[in-house]
Structure formats: C-alpha cells, structure tokens
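Structure file target37.tsv with TSV, C-alpha atoms and all ligand atoms:
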```
chain	number	residue	atom	x	y	z
A	45	MET	CA	-18.10	-6.82	-18.12
A	46	ASN	CA	-20.78	-5.98	-20.62
A	47	ALA	CA	-20.52	-8.33	-23.60
A	48	ALA	CA	-21.82	-5.73	-26.04
A	49	VAL	CA	-19.00	-3.40	-25.11
A	50	MET	CA	-16.39	-6.13	-25.41
A	51	GLU	CA	-17.46	-6.93	-28.97
A	52	ARG	CA	-16.46	-3.49	-30.14
A	53	ASP	CA	-13.00	-3.03	-31.61
A	54	ALA	CA	-10.62	-3.81	-28.79
A	55	PRO	CA	-7.71	-1.41	-28.38
A	56	GLN	CA	-5.17	-4.21	-28.78
A	57	GLN	CA	-6.39	-4.68	-32.35
A	58	ALA	CA	-5.21	-1.20	-33.30
A	59	GLN	CA	-2.23	-0.85	-35.64
A	60	PRO	CA	1.03	-1.79	-33.95
A	61	ARG	CA	2.95	1.27	-32.85
A	62	ALA	CA	6.65	1.89	-32.68
A	63	GLN	CA	7.88	-0.49	-30.02
A	64	LYS	CA	10.34	1.60	-28.06
A	65	ASN	CA	10.72	0.86	-24.38
A	66	LEU	CA	9.41	3.57	-22.09
A	67	ILE	CA	10.41	1.76	-18.90
A	68	GLU	CA	12.79	-1.14	-18.49
A	69	ILE	CA	12.55	-2.90	-15.14
A	70	LYS	CA	15.57	-5.02	-14.27
A	71	GLY	CA	16.08	-7.24	-11.24
A	72	LEU	CA	13.59	-5.22	-9.21
A	73	ARG	CA	13.18	-6.21	-5.56
A	74	LYS	CA	11.14	-4.88	-2.68
A	75	TYR	CA	11.56	-6.57	0.68
A	76	PHE	CA	9.49	-5.35	3.60
A	77	GLY	CA	11.00	-5.72	7.05
A	78	LYS	CA	14.49	-6.66	8.05
A	79	GLY	CA	16.03	-9.76	9.61
A	80	THR	CA	16.30	-13.23	8.16
A	81	HIS	CA	12.74	-13.44	6.80
A	82	PRO	CA	11.67	-10.14	5.22
A	83	VAL	CA	8.48	-10.19	3.13
A	84	ARG	CA	9.70	-10.58	-0.44
A	85	ALA	CA	6.85	-8.66	-2.06
A	86	VAL	CA	8.75	-8.23	-5.34
A	87	ASP	CA	11.67	-10.57	-5.95
A	88	ASP	CA	13.93	-10.17	-8.99
A	89	VAL	CA	11.34	-8.90	-11.44
A	90	SER	CA	12.31	-7.84	-14.97
A	91	PHE	CA	10.06	-6.70	-17.80
A	92	VAL	CA	9.69	-3.77	-20.17
A	93	ILE	CA	6.82	-1.34	-20.67
A	94	ARG	CA	6.68	-0.16	-24.25
A	95	GLN	CA	5.87	3.35	-25.30
A	96	GLY	CA	2.14	3.69	-25.97
A	97	GLU	CA	1.08	0.22	-24.88
A	98	THR	CA	-1.36	-0.96	-22.27
A	99	LEU	CA	0.43	-3.61	-20.26
A	100	GLY	CA	-1.65	-5.83	-17.98
A	101	LEU	CA	-0.27	-6.98	-14.63
A	102	VAL	CA	-2.16	-9.95	-13.22
A	103	GLY	CA	-1.82	-12.47	-10.40
A	104	GLU	CA	-3.61	-13.46	-7.23
A	105	SER	CA	-4.02	-11.07	-4.33
A	106	GLY	CA	-0.67	-10.80	-2.54
A	107	SER	CA	1.45	-11.52	-5.61
A	108	GLY	CA	3.11	-8.08	-5.55
A	109	LYS	CA	1.15	-6.16	-8.22
A	110	SER	CA	0.46	-3.05	-6.16
A	111	THR	CA	4.00	-3.00	-4.84
A	112	ILE	CA	5.32	-2.84	-8.42
A	113	GLY	CA	2.91	0.05	-9.14
A	114	ARG	CA	4.04	1.84	-5.99
A	115	LEU	CA	7.71	1.29	-6.83
A	116	LEU	CA	7.26	2.75	-10.32
A	117	THR	CA	5.65	5.86	-8.85
A	118	ARG	CA	8.16	5.89	-5.97
A	119	LEU	CA	5.50	5.73	-3.28
A	120	VAL	CA	7.84	3.08	-1.89
A	121	ASP	CA	11.58	2.80	-2.45
A	122	PRO	CA	13.06	-0.33	-4.02
A	123	THR	CA	15.36	-2.69	-2.15
A	124	ASP	CA	17.33	-3.41	-5.32
A	125	GLY	CA	17.15	-3.26	-9.10
A	126	GLN	CA	16.61	-0.73	-11.85
A	127	MET	CA	13.62	1.04	-13.41
A	128	LEU	CA	15.05	2.75	-16.49
A	129	TYR	CA	12.73	5.46	-17.76
A	130	SER	CA	13.41	6.74	-21.30
A	131	PRO	CA	10.75	9.09	-22.66
A	132	ASP	CA	11.12	10.09	-26.34
A	133	GLY	CA	14.64	11.01	-27.25
A	134	ASP	CA	15.77	11.51	-23.66
A	135	LYS	CA	18.49	9.47	-22.12
A	136	ALA	CA	17.38	6.89	-19.60
A	137	GLN	CA	16.99	7.84	-15.96
A	138	ASP	CA	16.91	5.15	-13.30
A	139	LEU	CA	13.75	5.80	-11.29
A	140	ALA	CA	15.08	3.36	-8.70
A	141	THR	CA	18.11	5.39	-7.69
A	142	LEU	CA	16.75	8.95	-7.89
A	143	SER	CA	16.35	10.66	-4.53
A	144	GLN	CA	12.84	11.89	-3.72
A	145	SER	CA	13.90	15.44	-4.66
A	146	GLN	CA	15.43	14.27	-7.96
A	147	PHE	CA	12.22	12.35	-8.62
A	148	ARG	CA	9.98	15.39	-8.01
A	149	PRO	CA	10.12	16.76	-11.59
A	150	LEU	CA	9.20	13.29	-12.88
A	151	ARG	CA	6.29	12.90	-10.51
A	152	SER	CA	3.95	14.60	-12.98
A	153	LYS	CA	5.03	12.21	-15.75
A	154	VAL	CA	4.37	9.06	-13.76
A	155	GLN	CA	0.91	8.99	-12.20
A	156	ILE	CA	-1.16	6.39	-10.35
A	157	ILE	CA	-4.91	5.79	-10.12
A	158	PHE	CA	-6.18	3.78	-7.17
A	159	GLN	CA	-8.96	1.31	-6.60
A	160	ASP	CA	-10.87	3.54	-4.23
A	161	PRO	CA	-10.89	7.12	-5.49
A	162	TYR	CA	-13.00	8.24	-2.54
A	163	ALA	CA	-10.25	7.42	-0.06
A	164	SER	CA	-7.82	9.70	-1.89
A	165	LEU	CA	-10.21	12.65	-2.36
A	166	ASN	CA	-10.40	15.23	0.43
A	167	PRO	CA	-14.14	15.33	1.32
A	168	ARG	CA	-13.97	19.06	2.13
A	169	MET	CA	-12.54	20.10	-1.23
A	170	ARG	CA	-14.60	21.04	-4.25
A	171	ILE	CA	-13.55	19.28	-7.45
A	172	ARG	CA	-12.17	22.54	-8.88
A	173	ASP	CA	-9.81	22.68	-5.91
A	174	VAL	CA	-8.89	18.99	-6.13
A	175	LEU	CA	-7.84	19.53	-9.75
A	176	GLY	CA	-6.42	22.99	-8.99
A	177	GLU	CA	-4.18	21.52	-6.30
A	178	ALA	CA	-2.78	18.98	-8.79
A	179	LEU	CA	-2.12	21.80	-11.29
A	180	ASP	CA	-0.47	23.97	-8.59
A	181	THR	CA	1.90	21.19	-7.54
A	182	HIS	CA	3.47	21.33	-10.97
A	183	GLY	CA	2.93	25.03	-11.75
A	184	LEU	CA	0.47	24.33	-14.58
A	185	ALA	CA	-2.49	26.37	-15.93
A	186	LYS	CA	-2.16	29.44	-13.73
A	187	GLY	CA	-4.43	32.52	-13.50
A	188	ALA	CA	-6.93	32.93	-16.31
A	189	ALA	CA	-5.94	29.60	-17.82
A	190	ARG	CA	-7.05	27.75	-14.66
A	191	MET	CA	-10.83	27.33	-15.06
A	192	PRO	CA	-10.76	26.54	-18.79
A	193	ARG	CA	-8.21	23.79	-18.07
A	194	ILE	CA	-10.36	22.39	-15.25
A	195	HIS	CA	-13.39	22.35	-17.55
A	196	GLU	CA	-11.33	20.67	-20.25
A	197	LEU	CA	-10.20	17.98	-17.81
A	198	LEU	CA	-13.77	17.34	-16.67
A	199	ALA	CA	-14.93	17.09	-20.28
A	200	GLN	CA	-12.12	14.63	-21.06
A	201	VAL	CA	-13.42	12.23	-18.42
A	202	GLY	CA	-17.07	12.70	-19.38
A	203	LEU	CA	-18.07	15.11	-16.59
A	204	ARG	CA	-19.66	18.55	-16.95
A	205	SER	CA	-18.30	22.01	-16.13
A	206	GLU	CA	-20.81	22.52	-13.31
A	207	HIS	CA	-19.35	19.46	-11.54
A	208	ALA	CA	-16.34	21.64	-10.67
A	209	ASP	CA	-18.28	23.25	-7.81
A	210	ARG	CA	-19.38	20.00	-6.18
A	211	PHE	CA	-17.87	17.97	-3.36
A	212	PRO	CA	-16.75	14.31	-3.65
A	213	HIS	CA	-19.79	12.93	-1.77
A	214	GLU	CA	-22.08	14.39	-4.41
A	215	PHE	CA	-20.78	11.93	-7.01
A	216	SER	CA	-21.41	8.25	-7.74
A	217	GLY	CA	-18.56	5.72	-7.52
A	218	GLY	CA	-18.05	5.76	-11.30
A	219	GLN	CA	-17.96	9.57	-11.34
A	220	ARG	CA	-15.44	9.61	-8.50
A	221	GLN	CA	-13.18	7.28	-10.45
A	222	ARG	CA	-13.51	9.73	-13.36
A	223	ILE	CA	-12.38	12.51	-11.01
A	224	GLY	CA	-9.40	10.35	-9.98
A	225	ILE	CA	-8.53	9.94	-13.66
A	226	ALA	CA	-8.94	13.70	-14.30
A	227	ARG	CA	-6.62	14.44	-11.41
A	228	ALA	CA	-3.99	12.09	-12.84
A	229	LEU	CA	-4.38	13.68	-16.29
A	230	ALA	CA	-4.16	17.22	-14.91
A	231	VAL	CA	-0.38	17.04	-14.68
A	232	GLU	CA	0.05	15.77	-18.26
A	233	PRO	CA	1.55	12.37	-17.49
A	234	LYS	CA	3.25	10.07	-19.98
A	235	PHE	CA	2.69	6.94	-17.96
A	236	ILE	CA	-0.18	5.92	-15.70
A	237	VAL	CA	-0.38	2.99	-13.30
A	238	ALA	CA	-4.04	2.01	-12.85
A	239	ASP	CA	-4.17	-0.21	-9.74
A	240	GLU	CA	-7.42	-2.19	-9.80
A	241	PRO	CA	-9.32	0.94	-10.89
A	242	LEU	CA	-12.56	-1.01	-11.38
A	243	SER	CA	-12.69	-3.09	-8.21
A	244	ALA	CA	-14.79	-0.63	-6.23
A	245	LEU	CA	-17.26	-0.04	-9.07
A	246	ASP	CA	-20.57	-1.65	-10.00
A	247	VAL	CA	-20.21	-4.11	-12.86
A	248	SER	CA	-22.51	-1.92	-14.96
A	249	ILE	CA	-20.14	1.03	-14.56
A	250	GLN	CA	-16.90	-0.91	-15.09
A	251	ALA	CA	-17.24	-1.09	-18.87
A	252	GLN	CA	-17.65	2.69	-19.10
A	253	VAL	CA	-14.49	3.33	-17.11
A	254	VAL	CA	-12.55	0.73	-19.12
A	255	ASN	CA	-13.64	2.37	-22.35
A	256	LEU	CA	-12.75	5.79	-21.00
A	257	LEU	CA	-9.24	4.60	-20.11
A	258	GLY	CA	-8.81	3.03	-23.56
A	259	GLU	CA	-9.97	6.20	-25.33
A	260	LEU	CA	-7.85	8.57	-23.23
A	261	LYS	CA	-4.80	6.42	-23.70
A	262	GLU	CA	-5.12	6.65	-27.49
A	263	LYS	CA	-6.02	10.33	-27.55
A	264	LEU	CA	-3.31	11.50	-25.16
A	265	ASN	CA	-0.66	9.01	-26.30
A	266	LEU	CA	-0.33	7.55	-22.82
A	267	THR	CA	1.35	4.38	-21.69
A	268	LEU	CA	-0.67	2.38	-19.19
A	269	LEU	CA	0.18	-0.30	-16.64
A	270	PHE	CA	-3.20	-1.85	-15.90
A	271	ILE	CA	-3.27	-3.90	-12.69
A	272	SER	CA	-6.27	-6.17	-12.37
A	273	HIS	CA	-7.49	-9.55	-11.26
A	274	ASP	CA	-10.30	-9.42	-13.84
A	275	LEU	CA	-8.88	-11.46	-16.68
A	276	ASP	CA	-11.73	-10.62	-19.05
A	277	VAL	CA	-11.05	-6.90	-18.74
A	278	VAL	CA	-7.32	-7.47	-19.17
A	279	GLU	CA	-7.95	-9.46	-22.35
A	280	TYR	CA	-10.13	-6.66	-23.67
A	281	LEU	CA	-7.91	-3.71	-22.78
A	282	CYS	CA	-4.28	-4.82	-22.79
A	283	ASP	CA	-1.72	-5.27	-25.56
A	284	ARG	CA	0.53	-7.52	-23.50
A	285	VAL	CA	0.31	-9.16	-20.09
A	286	VAL	CA	2.76	-9.91	-17.27
A	287	VAL	CA	1.71	-12.75	-14.93
A	288	LEU	CA	3.03	-12.47	-11.39
A	289	TYR	CA	3.14	-15.12	-8.65
A	290	LEU	CA	4.61	-14.59	-5.19
A	291	GLY	CA	6.61	-11.58	-6.30
A	292	ARG	CA	8.03	-13.24	-9.41
A	293	VAL	CA	7.20	-13.15	-13.11
A	294	MET	CA	5.81	-16.46	-14.40
A	295	GLU	CA	4.89	-15.43	-17.94
A	296	ILE	CA	4.99	-12.44	-20.30
A	297	ALA	CA	3.18	-12.51	-23.62
A	298	PRO	CA	1.10	-10.59	-26.14
A	299	THR	CA	-2.49	-10.77	-24.90
A	300	HIS	CA	-3.84	-12.90	-27.77
A	301	SER	CA	-0.98	-15.37	-27.40
A	302	LEU	CA	-1.39	-15.62	-23.61
A	303	TYR	CA	-5.13	-16.26	-23.75
A	304	ALA	CA	-5.02	-18.59	-26.75
A	305	ALA	CA	-2.05	-20.63	-25.56
A	306	PRO	CA	-0.91	-19.96	-21.99
A	307	LYS	CA	2.42	-21.72	-21.38
A	308	HIS	CA	2.97	-21.62	-17.64
A	309	PRO	CA	0.96	-23.95	-15.36
A	310	TYR	CA	0.16	-20.95	-13.14
A	311	THR	CA	-1.27	-18.91	-16.00
A	312	ARG	CA	-3.29	-21.92	-17.13
A	313	ALA	CA	-4.70	-22.33	-13.64
A	314	LEU	CA	-5.53	-18.62	-13.40
A	315	LEU	CA	-7.33	-18.65	-16.73
A	316	ALA	CA	-9.18	-21.80	-15.82
A	317	ALA	CA	-10.34	-20.25	-12.57
A	318	ALA	CA	-11.79	-17.23	-14.33
A	319	PRO	CA	-15.47	-17.55	-15.17
A	320	ILE	CA	-15.91	-18.16	-18.89
A	321	PRO	CA	-19.54	-17.61	-19.98
A	322	ASP	CA	-19.57	-20.17	-22.81
A	323	PRO	CA	-19.27	-23.71	-21.35
A	324	ALA	CA	-17.96	-25.02	-24.69
A	325	GLN	CA	-14.96	-22.71	-24.32
A	326	ARG	CA	-14.22	-23.64	-20.71
A	327	ARG	CA	-10.65	-24.81	-20.45
A	328	VAL	CA	-10.13	-28.23	-18.92
A	329	VAL	CA	-7.22	-27.73	-16.55
A	330	PRO	CA	-7.04	-28.14	-12.79
A	331	LEU	CA	-7.92	-25.13	-10.66
A	332	LEU	CA	-5.50	-23.74	-8.12
A	333	GLN	CA	-5.41	-25.65	-4.84
A	334	GLY	CA	-4.56	-24.17	-1.47
A	335	ASP	CA	-3.35	-20.73	-0.48
A	336	LEU	CA	-0.49	-18.59	-1.64
A	337	PRO	CA	2.65	-19.52	0.39
A	338	SER	CA	4.08	-16.80	2.63
A	339	PRO	CA	6.28	-14.35	0.71
A	340	ALA	CA	8.44	-14.24	3.85
A	341	ASN	CA	9.28	-17.90	3.35
A	342	PRO	CA	8.86	-18.77	-0.33
A	343	PRO	CA	9.40	-22.32	-1.62
A	344	SER	CA	12.88	-23.11	-2.94
A	345	GLY	CA	13.38	-23.41	-6.69
A	346	CYS	CA	10.23	-22.63	-8.61
A	347	VAL	CA	8.02	-20.71	-6.17
A	348	PHE	CA	4.87	-22.13	-7.80
A	349	ARG	CA	5.88	-25.76	-7.37
A	350	THR	CA	3.94	-26.30	-4.10
A	351	ARG	CA	0.67	-25.68	-5.95
A	352	CYS	CA	1.66	-26.82	-9.41
A	353	PRO	CA	-0.24	-29.81	-10.84
A	354	ARG	CA	2.84	-30.71	-12.92
A	355	ALA	CA	5.57	-30.32	-10.27
A	356	GLU	CA	8.47	-32.77	-10.25
A	357	ALA	CA	11.42	-33.31	-7.92
A	358	ARG	CA	13.72	-31.15	-10.05
A	359	CYS	CA	11.44	-28.10	-9.57
A	360	ALA	CA	12.58	-27.80	-5.94
A	361	SER	CA	16.16	-27.01	-6.81
A	362	ALA	CA	15.81	-25.22	-10.14
A	363	ASP	CA	16.82	-21.60	-10.59
A	364	MET	CA	13.86	-20.70	-12.78
A	365	GLN	CA	14.52	-18.09	-15.44
A	366	LEU	CA	12.19	-16.70	-18.08
A	367	ARG	CA	12.65	-18.33	-21.49
A	368	GLU	CA	11.41	-16.92	-24.78
A	369	VAL	CA	9.47	-19.73	-26.46
A	370	GLN	CA	7.84	-17.68	-29.21
A	371	PRO	CA	8.63	-14.14	-30.29
A	372	GLY	CA	7.67	-11.97	-27.32
A	373	HIS	CA	6.25	-14.93	-25.35
A	374	TRP	CA	8.30	-15.77	-22.26
A	375	HIS	CA	7.65	-18.16	-19.39
A	376	ALA	CA	9.46	-19.53	-16.38
A	377	CYS	CA	8.69	-23.25	-16.52
A	378	TRP	CA	11.00	-25.75	-18.16
A	379	ARG	CA	8.22	-27.88	-19.52
A	380	ASP	CA	7.03	-27.21	-23.05
A	381	ASP	CA	4.62	-30.12	-23.27
A	382	LEU	CA	1.71	-28.64	-21.35
B	401	LIG	P1	-1.14	-7.45	-4.71
B	401	LIG	O1	-1.32	-6.03	-5.11
B	401	LIG	O2	-0.75	-8.35	-5.85
B	401	LIG	O3	-2.30	-8.00	-3.96
B	401	LIG	P2	0.84	-6.40	-2.85
B	401	LIG	O4	1.89	-5.78	-3.69
B	401	LIG	O5	-0.16	-5.50	-2.23
B	401	LIG	O6	0.12	-7.54	-3.71
B	401	LIG	O7	1.51	-7.23	-1.69
B	401	LIG	C1	2.54	-8.19	-1.92
B	401	LIG	C2	3.01	-8.73	-0.58
B	401	LIG	O8	3.69	-7.70	0.12
B	401	LIG	C3	1.89	-9.19	0.34
B	401	LIG	O9	2.35	-10.31	1.05
B	401	LIG	C4	1.69	-8.01	1.25
B	401	LIG	O10	1.18	-8.42	2.48
B	401	LIG	C5	3.11	-7.47	1.37
B	401	LIG	N1	3.15	-6.03	1.64
B	401	LIG	C6	2.69	-5.05	0.83
B	401	LIG	N2	2.91	-3.83	1.37
B	401	LIG	C7	3.53	-4.05	2.56
B	401	LIG	C8	4.05	-3.20	3.60
B	401	LIG	N3	3.95	-1.87	3.50
B	401	LIG	N4	4.62	-3.79	4.66
B	401	LIG	C9	4.73	-5.14	4.75
B	401	LIG	N5	4.28	-5.99	3.81
B	401	LIG	C10	3.69	-5.47	2.73
B	402	MG	MG	-3.03	-4.78	-4.97
```
As structure tokens, please, write out the structure in this file.
Ligand code: ADP
Ligand code: MG
Amino acid sequence: MNAAVMERDAPQQAQPRAQKNLIEIKGLRKYFGKGTHPVRAVDDVSFVIRQGETLGLVGESGSGKSTIGRLLTRLVDPTDGQMLYSPDGDKAQDLATLSQSQFRPLRSKVQIIFQDPYASLNPRMRIRDVLGEALDTHGLAKGAARMPRIHELLAQVGLRSEHADRFPHEFSGGQRQRIGIARALAVEPKFIVADEPLSALDVSIQAQVVNLLGELKEKLNLTLLFISHDLDVVEYLCDRVVVLYLGRVMEIAPTHSLYAAPKHPYTRALLAAAPIPDPAQRRVVPLLQGDLPSPANPPSGCVFRTRCPRAEARCASADMQLREVQPGHWHACWRDDL
C-alpha cells in the first residue's frame, strides 16, 4: 500500500463509538462433507462484530475466512452454532437458524463484496441494469426515482453518471470493484463482508479502494467485516482483528494492541512473515514452517502445535480456549511469557 495514504488519519483513530454488538457469533461450525473426516472449515468459532466497527479477519489461505463470510451472508448454511444479529433496538435474530425464505428480508441488510468483481458481473448487462437489478430485488427506488438513485450510487463510489450506460468490460479492475461496492450499497445494507476485495487489484489502485471503503463506512454508518491476508491494510483500516488458524480463533484484539504486542505464537509468526519496510522495525521471531495441516484431520489439542515454535507436550492434549489477558485482548495459548 501507498505509504503516503497510510500516514493520513487512519479510521481506527476516530472517536470510539457506542460499542453495541451487531452480530454475536457463538460456537459456529461449518463442516464440508460427511463421514468420519469432514473438512472442518470453521470449527467452534465465537466472536462479536460491534455496531459501526471495521473488524479484520486474517489468517493463511485455507484458514476458513471466506467460509465465515459466506455463513454470515447465508451463501452456505452452518453445521452448528449461532449468529445473533441485533440491529438498533431490534431483538436478536439468529441468522444461523433462519430458513432461506425467512432470511430473504435480511439479505439486503447483510451484503458481501468479492475479490473478483468481474466474475460476479454479467458481461451483457449495462451498469444501470446491474444496479437496477439489485434495487428491484428489494423493491427499492422504483419508477422516476430509479435513475437518480443509480447516479447517486455511482457518485458514492467515485464513478460518473455516464458510466451507467457502459458494460463491465469497459471498466478497469479498480472501477469494477467500485461497481461491486455500488451494487452492495444499492440495497442499503447495515453490514458488509468484504472478502479480499483488493487481491485482484493493482497495488497502485488498492489504496484508493481501501480509502473508499473507509469513507463509505463512516458516511453510511456501516459495519464492515474486512477479510484480508494483507496485514498492512488490516492495520490501517480495522478497529479490531480476529486471527484465524485452521478454522479456529487464535487471537482477538484491538488493532493497535495486536500489532504492538501480539500474544499468540501464530499471530507473531504471521506478523513476522509480513514484509515490514523498515528493517529496524522487523520483528525477530521465527517464520512459519511447513504447510497448513488438513482441516479434515486437524491436530489434537491446540491445532497450531504442529507448527508452533513454542509447542510442548501438554499442547497435544489441551482443550484450548480463548482467554482475556488485557481488556478486549483474547488469545488461545496458555503461555504468557512470549
Ligand atoms: P480462506 O478463505 O481462509 O482461504 P476457506 O474458508 O475458503 O478459507 O476454506 C477453508 C477450508 O474449507 C479449506 O480447507 C477449503 O478447502 C475448505 N472448503 C471451503 N469451501 C468448501 C466447499 N464448498 N467444499 C469443501 N471444502 C471447502
Ligand atoms: Mg478466502
């Protein structure tokens, strides 16, 4: 990411907001496949998403990040657990147990943006129709209100009114991601899952899209789950971070606390593996060795123990639970002397 952009006021330095929970995830599981060894993509995950925050979700490829995003938007159905959704003043609804038809009215409130916007845009549809289709699905901005709303959406994501008449192939990658964001915003969501929204973009464009997301979130009072493997962007954009490994939560902390003093050996390894431009700042901890174990056959006890530089015999039999070691800072390792 562009250093000049990152020096500007980061969103996480804004005044703290009311800290109500928008979504409370409890004991969430998603197993793919049946039989004795299903793929445990998400295995007993619990964390909260607070109203108005940007929560980062990080972890290596295959750790279950996208599956959590897809569960929250009910693109896949959970195996077990709860996802309690409580927008302002309303009583909680469990997104996990709603049928698809019960979930339909909530679909506009809970949106997802994908890595590759091109794959999800119909190449034969003009942008006005892409956005119009989203509006139609939820009966919004009908008749004479239609085109002004489409122009407003385009303006919100930094595109121009005349772009409404163009087709997806006429846009650059960054512009297509802006269209993906406009389509998500069209239905007036409260909560957006952004699943690696920058991965398909040129580095030079990434900062613009990050800033756009940060601005829109403030302006529209959105709550954002930002899934990424780019730890620099997460540090810049997110208020808090959840660290996932092999379908389990290893650490949850406010962003500044996680980056200044990561507690879990996995988080420390992840941060050490990320490129840090200033050599004086480079953290001196071992990098991750080997590959992620199979989520169909995870290690007993602490699932990270097979790659952990600090593993001991007791880690193989431990039932690791998250512990709060500082206010709001949780981790799932029993050592505190790292
Ligand atoms: P991430 O987004 O962190 O890379 P994913 O959530 O995509 O991780 O995947 C977590 C695990 O679940 C991986 O082992 C992946 O192969 C598996 N997985 C994801 N989706 C499916 C599916 N539809 N069927 C079977 N396995 C899946
Ligand atoms: Mg993914």
To one decimal place in Å, what is the distance between CA of Arg172 (chain A) and CA of Ile194 (chain A)?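 Pair CA of Arg172 (chain A) / CA of Ile194 (chain A) returns 6.6 Å.
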For the atom pair CA of Val286 (chain A) and CA of Leu99 (chain A), what is the interatomic distance in Å to one decimal place?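 These atoms are spaced 7.4 Å apart.
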Hey, could you pull the box centre and edge lengths for region 278-289 of chain A, axis-aligned, 8 Å padding per side, all listed atoms, to one decimal in Å, as AutoDock Vina command-line options?
```
--center_x -3.5 --center_y -9.4 --center_z -17.1 --size_x 29.3 --size_y 27.4 --size_z 32.9
```
Please measure the separation of CA of Leu245 (chain A) and CA of Gly218 (chain A), giving the value in Å to one decimal.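 Result for CA of Leu245 (chain A) versus CA of Gly218 (chain A): 6.3 Å, one decimal.
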Please, which residues are within 8 Å of (-2.2, 7.8, -20.2) by the file's coordinates, counting only C-alpha atoms, and could they come as a ChimeraX atom specification? /A:229,233-236,257,260-262,264-268
Can those selected residues be exported to a file as a tab-separated table (two decimals), keeping the file's coordinate frame so that it contains C-alpha atoms?
```tsv
chain	number	residue	atom	x	y	z
A	229	LEU	CA	-4.38	13.68	-16.29
A	233	PRO	CA	1.55	12.37	-17.49
A	234	LYS	CA	3.25	10.07	-19.98
A	235	PHE	CA	2.69	6.94	-17.96
A	236	ILE	CA	-0.18	5.92	-15.70
A	257	LEU	CA	-9.24	4.60	-20.11
A	260	LEU	CA	-7.85	8.57	-23.23
A	261	LYS	CA	-4.80	6.42	-23.70
A	262	GLU	CA	-5.12	6.65	-27.49
A	264	LEU	CA	-3.31	11.50	-25.16
A	265	ASN	CA	-0.66	9.01	-26.30
A	266	LEU	CA	-0.33	7.55	-22.82
A	267	THR	CA	1.35	4.38	-21.69
A	268	LEU	CA	-0.67	2.38	-19.19
```
With all atoms listed in the file as the basis for distance, which of A:Ala316, A:Trp374, A:Lys109, A:Pro343 is at the shortest distance from Pro298 (chain A)?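 Residue with the minimum atom-to-atom distance to Pro298 (chain A): A:Trp374.
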Skip Asn166 (chain A) itself and residues of its chain fewer than 5 positions away, then list as number ranges by chain all residues within 12 Å of it, counting all atoms listed in the file. A: 161, 171-175, 177, 211-213, 220, 223-224
Using only C-alpha atoms and all ligand atoms, find each residue with an atom at most 10 Å away from ligand MG 402 (chain B) and format the answer as a count of residues only. 20
For a quick check of understanding, using only C-alpha atoms, which of A:Tyr75, A:Phe270, A:Tyr310, A:Phe215 has the smallest distance to Asn341 (chain A)? A:Tyr75
Nearest residue to Ala362 (chain A) from the set A:Asn65, A:Gln333, A:Val347, A:His375 (distances using only C-alpha atoms):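 Distance minimum relative to Ala362 (chain A) lands on A:Val347.
Residue nearest ligand LIG 401 (chain B), chosen from A:Asp335, A:Asp134, A:Glu356, A:Glu214 and counting only C-alpha atoms and all ligand atoms: A:Asp335.
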Within-8 Å shell of (3.3, 13.2, -10.9) in input frame, all atoms listed in the file, as a list of chain:residue names: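 Those residues, ordered by chain and then number, are A:Thr117, A:Arg148, A:Pro149, A:Leu150, A:Arg151, A:Ser152, A:Lys153, A:Val154, A:Gln155, A:Ala228, A:Val231, A:Pro233.
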Using only C-alpha atoms and all ligand atoms, which residue out of A:Lys70, A:Arg349, A:Lys64, A:His81 lies closest to ligand LIG 401 (chain B)?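 That would be A:His81, the residue with the smallest distance to ligand LIG 401 (chain B).
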Give the answer as one residue: which of A:Gly176, A:Gly187, A:Gly258, A:Pro339 has the shortest atom-to-atom distance to Gly96 (chain A), using only C-alpha atoms?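 Of all the options, A:Gly258 lies closest to Gly96 (chain A).
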Which residues, written as a PyMOL selection string, have at least one atom at most 12 Å from Asp380 (chain A), with all atoms listed in the file counted and residues fewer than 3 positions away on the same chain left out? chain A and resi 305-309+354+367-370+374-377
Could you turn the residues from that selection into a file that holds C-alpha atoms, as a CSV table (one decimal), in the frame of the given file?
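So the final result, stored in selection_7.csv, reads:
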```
chain,number,residue,atom,x,y,z
A,305,ALA,CA,-2.0,-20.6,-25.6
A,306,PRO,CA,-0.9,-20.0,-22.0
A,307,LYS,CA,2.4,-21.7,-21.4
A,308,HIS,CA,3.0,-21.6,-17.6
A,309,PRO,CA,1.0,-24.0,-15.4
A,354,ARG,CA,2.8,-30.7,-12.9
A,367,ARG,CA,12.6,-18.3,-21.5
A,368,GLU,CA,11.4,-16.9,-24.8
A,369,VAL,CA,9.5,-19.7,-26.5
A,370,GLN,CA,7.8,-17.7,-29.2
A,374,TRP,CA,8.3,-15.8,-22.3
A,375,HIS,CA,7.6,-18.2,-19.4
A,376,ALA,CA,9.5,-19.5,-16.4
A,377,CYS,CA,8.7,-23.2,-16.5
```
Need to verify the contact set: Glu279 (chain A), 10 Å, all atoms listed in the file, exclusion of same-chain residues closer than 3 positions in sequence. Can you return it as a list in words?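 Neighbouring residues, sequence-local ones excluded: Met50, Ala54, Gln56, Gly100, Asp274, Leu275, Asp276, Cys282, Asp283, Arg284, Val285, Pro298, Thr299, His300, Leu302 and Tyr303 of chain A.
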